[in-house]
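> Pasting a structure below so you can have a look.
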Amino acid sequence: MPSDHDSLFDDATAGPNSRQRQARAALYTALVAVSIWTLRDFIPALIWTGVIAIALWPLLHLLERRPLLARQRALLALLMAVGVGVVLAVPFLLVAMQAAAEARELSHWVHRVMAEGFPVPDLLQRLPWGGEQATAWWQNNLTGPLADSPVTQSLRGVSFLAATRSIGGHVVHGLLIVSFMLLTLFFVFRSGARLGQQLLDASSRVFGAAGTSLLRRMADAVRGTVAGLVLVGLGEGVLLGIAYVVAGVPHGALLGLVTAIAAMLPFCAPLVFAAVALWLFGAGATVAAIAVFAVGCVVVFIAEHFVRPMLIGSTTRLPFLLVLFGILGGAKTFGLVGLFIGPALMTVLVVLWAAWAEPAPANRTPSIN
């Protein structure tokens, strides 16, 4: 007697007529579309779950081989999900703790600045071009009490309240996404190898061996992109954090953490170390400013042009240009998660191009060798 699975998908053995097959295909398509529409608010959490699960799948397999953990799948899944949550929360907790520790000093500084304004920095007067215009603008807008400054007027009233509410709404939405992602990760990790095998079997059943191979390469692309973005970003943060500490920048280690987070996004680390160098230059530490900027340029150049493309390209077998297009185009199209989706899509293009460009066996030119 055929199972429900066979009766649903084995059209050839069941032998229905063409109209029945078309009706059943339409029904299945409609049900899948309605299901996706129902889950539309949770799709970002599901995508992030897939990215993190793919990245951590080798670690899950390694831990599942341990006899103690193999018998406690729920405990292993819980530990891994909690570990992901801790890794995501640590940077924000460190920044919050640092802000809380300096809240009183920051409050006094804000009140003093609002009452007295900002003095004109020496940096503006040393600019080779536009120094006089910048100094005049600064004196007209920022040297007096900021309560009456035209610059601060735009931060008052309804627009400021609306911006605050918008930021609060985005924070709450982000926390909900992370919460659902961690919950879904727990169930995915608990299923373990069984879920992975089911996905491969389903891909083989629907798309054949070629589809299974493509699925594996897309997973490798996501895993390689995670390694390239996260590990290289952490490396840049560590090296530049050391440079900050040596240069005498206050809270150099915390700024190194900020640099690491920014460096996980392509070409964003220069925004941080350039700001640090500008602050050092304005404080009169010209040599330290030049040193920090030079070290930052060298570290970012090597990381972005050699280390990161090597990590991502060696895994995905993509050329550097496609890796760059995939990361930047994916981020623009899908947001932050597009950093990992983009290279996977570029892998699909490369595989399809290789299949289309390969000549048919009958027309293939014989090899010289």
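Chain lettering (A, B, ...) mirrors the order of the structure tokens, residue numbering begins at 1 for each chain separately, and ligand numbering begins at 1 in order of display.
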Got a sec: who's within 12 Å of Ser213 (chain A), counting only C-alpha atoms, leaving out chain neighbours fewer than 4 positions off, as a VMD selection string?

chain A and resid 200 to 201 203 to 204 207 to 209 217 to 220 347 to 348 351 to 352

> Give me, as number ranges by chain, all polymer residues having an atom no more than 10 Å from Leu76 (chain A), counting only C-alpha atoms and skipping those fewer than 2 positions away in the same chain.

A: 60, 63-64, 68-74, 78-82, 186, 189-190, 192

> I need the residues from that last selection saved to file as an mmCIF file, in the first residue's frame (with C-alpha atoms), if you can.


```cif
data_model
loop_
_atom_site.group_PDB
_atom_site.id
_atom_site.type_symbol
_atom_site.label_atom_id
_atom_site.label_comp_id
_atom_site.auth_asym_id
_atom_site.auth_seq_id
_atom_site.Cartn_x
_atom_site.Cartn_y
_atom_site.Cartn_z
ATOM 1 C CA LEU A 60 27.453 20.563 15.426
ATOM 2 C CA LEU A 63 30.057 17.770 18.980
ATOM 3 C CA GLU A 64 27.509 15.110 18.026
ATOM 4 C CA LEU A 68 27.888 12.239 26.130
ATOM 5 C CA LEU A 69 26.513 14.962 23.853
ATOM 6 C CA ALA A 70 25.191 12.466 21.306
ATOM 7 C CA ARG A 71 22.778 11.141 23.939
ATOM 8 C CA GLN A 72 21.735 14.670 24.984
ATOM 9 C CA ARG A 73 20.688 16.318 21.716
ATOM 10 C CA ALA A 74 18.361 18.767 23.441
ATOM 11 C CA LEU A 78 20.329 24.492 23.933
ATOM 12 C CA LEU A 79 24.019 25.137 24.612
ATOM 13 C CA MET A 80 24.706 26.077 20.992
ATOM 14 C CA ALA A 81 21.672 28.369 20.746
ATOM 15 C CA VAL A 82 22.604 30.069 24.030
ATOM 16 C CA PHE A 186 17.381 25.365 19.015
ATOM 17 C CA PHE A 189 20.248 22.001 16.122
ATOM 18 C CA ARG A 190 18.151 19.465 18.012
ATOM 19 C CA GLY A 192 20.860 17.677 13.798
#
```

> I'd like a table as CSV: residues in region 256-368 of chain A with an atom no more than 12 Å from region 225-236 of chain A, each row giving the shortest atom pair and its distance in Å to one decimal, only C-alpha atoms counted, sorted by chain and rising residue number.


```
residue,atom,partner,partner_atom,distance
A:Gly256,CA,A:Glu236,CA,8.4
A:Leu257,CA,A:Leu234,CA,8.0
A:Val258,CA,A:Leu234,CA,10.0
A:Thr259,CA,A:Glu236,CA,7.4
A:Ala260,CA,A:Leu234,CA,4.9
A:Ile261,CA,A:Gly233,CA,6.6
A:Ala262,CA,A:Gly233,CA,7.4
A:Ala263,CA,A:Gly233,CA,4.5
A:Met264,CA,A:Gly233,CA,4.4
A:Leu265,CA,A:Leu229,CA,7.0
A:Pro266,CA,A:Leu229,CA,7.9
A:Phe267,CA,A:Gly233,CA,10.4
A:Cys268,CA,A:Gly233,CA,10.0
A:Ala269,CA,A:Glu236,CA,8.1
A:Pro270,CA,A:Glu236,CA,10.6
A:Val272,CA,A:Glu236,CA,11.4
A:Phe273,CA,A:Glu236,CA,10.6
A:Val295,CA,A:Glu236,CA,10.4
A:Gly296,CA,A:Glu236,CA,8.5
A:Cys297,CA,A:Glu236,CA,10.7
A:Val298,CA,A:Glu236,CA,10.3
A:Val299,CA,A:Glu236,CA,6.6
A:Val300,CA,A:Glu236,CA,7.0
A:Phe301,CA,A:Glu236,CA,10.4
A:Ile302,CA,A:Glu236,CA,9.8
A:Ala303,CA,A:Val232,CA,6.6
A:Glu304,CA,A:Val232,CA,8.4
A:His305,CA,A:Val232,CA,11.3
A:Phe306,CA,A:Val232,CA,10.6
A:Val307,CA,A:Val232,CA,7.3
A:Arg308,CA,A:Gly228,CA,5.0
A:Pro309,CA,A:Gly228,CA,7.4
A:Met310,CA,A:Gly228,CA,8.2
A:Leu311,CA,A:Gly228,CA,5.3
A:Ile312,CA,A:Thr225,CA,5.2
A:Gly313,CA,A:Thr225,CA,8.6
A:Ser314,CA,A:Gly228,CA,10.3
A:Thr315,CA,A:Thr225,CA,8.4
A:Thr316,CA,A:Thr225,CA,8.4
A:Arg317,CA,A:Thr225,CA,11.6
A:Leu318,CA,A:Thr225,CA,11.2
A:Val323,CA,A:Thr225,CA,8.9
A:Leu324,CA,A:Thr225,CA,10.8
A:Gly326,CA,A:Thr225,CA,10.1
A:Ile327,CA,A:Thr225,CA,8.6
A:Gly330,CA,A:Thr225,CA,11.9
A:Leu336,CA,A:Leu229,CA,11.7
A:Val337,CA,A:Val226,CA,10.5
A:Gly338,CA,A:Thr225,CA,10.7
A:Leu339,CA,A:Thr225,CA,7.8
A:Phe340,CA,A:Thr225,CA,5.9
A:Ile341,CA,A:Thr225,CA,8.9
A:Gly342,CA,A:Thr225,CA,9.3
A:Pro343,CA,A:Thr225,CA,7.1
A:Ala344,CA,A:Thr225,CA,8.6
A:Leu345,CA,A:Thr225,CA,11.9
A:Met346,CA,A:Thr225,CA,11.8
A:Thr347,CA,A:Thr225,CA,11.5
```

> Record the distance separating CA of Ala45 (chain A) and CA of Phe180 (chain A), expressed in Å with one decimal.

6.2 Å

> Please run DSSP on the backbone and report, as number ranges by chain, all residues within region 61-142 of chain A that come out as helix (DSSP H, G or I).

A: 61-64, 67-70, 73-101, 103-116, 122-125, 131-141

> Please dump the current selection as an mmCIF file, in the first residue's frame; keep C-alpha atoms.


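Here's the written file part-v6.cif:
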```cif
data_model
loop_
_atom_site.group_PDB
_atom_site.id
_atom_site.type_symbol
_atom_site.label_atom_id
_atom_site.label_comp_id
_atom_site.auth_asym_id
_atom_site.auth_seq_id
_atom_site.Cartn_x
_atom_site.Cartn_y
_atom_site.Cartn_z
ATOM 1 C CA HIS A 61 28.665 17.399 13.657
ATOM 2 C CA LEU A 62 31.898 17.475 15.661
ATOM 3 C CA LEU A 63 30.057 17.770 18.980
ATOM 4 C CA GLU A 64 27.509 15.110 18.026
ATOM 5 C CA PRO A 67 29.216 10.075 23.303
ATOM 6 C CA LEU A 68 27.888 12.239 26.130
ATOM 7 C CA LEU A 69 26.513 14.962 23.853
ATOM 8 C CA ALA A 70 25.191 12.466 21.306
ATOM 9 C CA ARG A 73 20.688 16.318 21.716
ATOM 10 C CA ALA A 74 18.361 18.767 23.441
ATOM 11 C CA LEU A 75 21.123 19.890 25.812
ATOM 12 C CA LEU A 76 23.584 20.269 22.930
ATOM 13 C CA ALA A 77 21.068 22.303 20.919
ATOM 14 C CA LEU A 78 20.329 24.492 23.933
ATOM 15 C CA LEU A 79 24.019 25.137 24.612
ATOM 16 C CA MET A 80 24.706 26.077 20.992
ATOM 17 C CA ALA A 81 21.672 28.369 20.746
ATOM 18 C CA VAL A 82 22.604 30.069 24.030
ATOM 19 C CA GLY A 83 26.198 30.385 22.818
ATOM 20 C CA VAL A 84 25.021 32.158 19.665
ATOM 21 C CA GLY A 85 22.901 34.497 21.765
ATOM 22 C CA VAL A 86 25.838 35.306 24.040
ATOM 23 C CA VAL A 87 28.146 36.025 21.100
ATOM 24 C CA LEU A 88 25.555 38.372 19.610
ATOM 25 C CA ALA A 89 24.872 40.122 22.930
ATOM 26 C CA VAL A 90 28.451 40.608 24.196
ATOM 27 C CA PRO A 91 29.354 43.629 22.005
ATOM 28 C CA PHE A 92 26.158 45.467 22.938
ATOM 29 C CA LEU A 93 26.607 44.634 26.636
ATOM 30 C CA LEU A 94 30.187 45.941 26.609
ATOM 31 C CA VAL A 95 29.136 49.193 24.971
ATOM 32 C CA ALA A 96 26.200 49.555 27.387
ATOM 33 C CA MET A 97 28.426 48.882 30.407
ATOM 34 C CA GLN A 98 30.983 51.430 29.224
ATOM 35 C CA ALA A 99 28.229 53.976 28.620
ATOM 36 C CA ALA A 100 26.740 53.342 32.074
ATOM 37 C CA ALA A 101 30.149 53.710 33.718
ATOM 38 C CA ALA A 103 27.013 58.292 32.215
ATOM 39 C CA ARG A 104 27.622 60.951 34.916
ATOM 40 C CA GLU A 105 30.687 62.358 33.189
ATOM 41 C CA LEU A 106 28.863 62.350 29.858
ATOM 42 C CA SER A 107 25.889 64.155 31.413
ATOM 43 C CA HIS A 108 28.118 66.906 32.828
ATOM 44 C CA TRP A 109 29.873 67.246 29.474
ATOM 45 C CA VAL A 110 26.548 67.569 27.613
ATOM 46 C CA HIS A 111 25.289 70.276 29.995
ATOM 47 C CA ARG A 112 28.551 72.193 29.712
ATOM 48 C CA VAL A 113 28.526 72.000 25.928
ATOM 49 C CA MET A 114 24.876 73.062 25.725
ATOM 50 C CA ALA A 115 25.680 76.116 27.872
ATOM 51 C CA GLU A 116 29.061 77.070 26.400
ATOM 52 C CA ASP A 122 42.840 73.783 15.897
ATOM 53 C CA LEU A 123 42.285 71.243 13.155
ATOM 54 C CA LEU A 124 40.024 73.599 11.200
ATOM 55 C CA GLN A 125 42.586 76.382 11.265
ATOM 56 C CA GLY A 131 39.865 76.511 6.695
ATOM 57 C CA GLU A 132 38.517 80.069 6.906
ATOM 58 C CA GLN A 133 35.027 79.091 5.727
ATOM 59 C CA ALA A 134 34.879 76.108 8.104
ATOM 60 C CA THR A 135 36.069 78.242 11.020
ATOM 61 C CA ALA A 136 33.481 80.931 10.266
ATOM 62 C CA TRP A 137 30.675 78.346 10.084
ATOM 63 C CA TRP A 138 31.820 76.798 13.361
ATOM 64 C CA GLN A 139 31.901 80.172 15.132
ATOM 65 C CA ASN A 140 28.422 81.072 13.886
ATOM 66 C CA ASN A 141 26.796 77.770 14.813
#
```

> What is the distance between CA of Ala253 (chain A) and CA of Leu240 (chain A), in Å to one decimal?

9.1 Å

> Separation of CA of Val51 (chain A) and CA of Arg223 (chain A), in Å?

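About the pair CA of Val51 (chain A) and CA of Arg223 (chain A): they are 7.8 Å apart.
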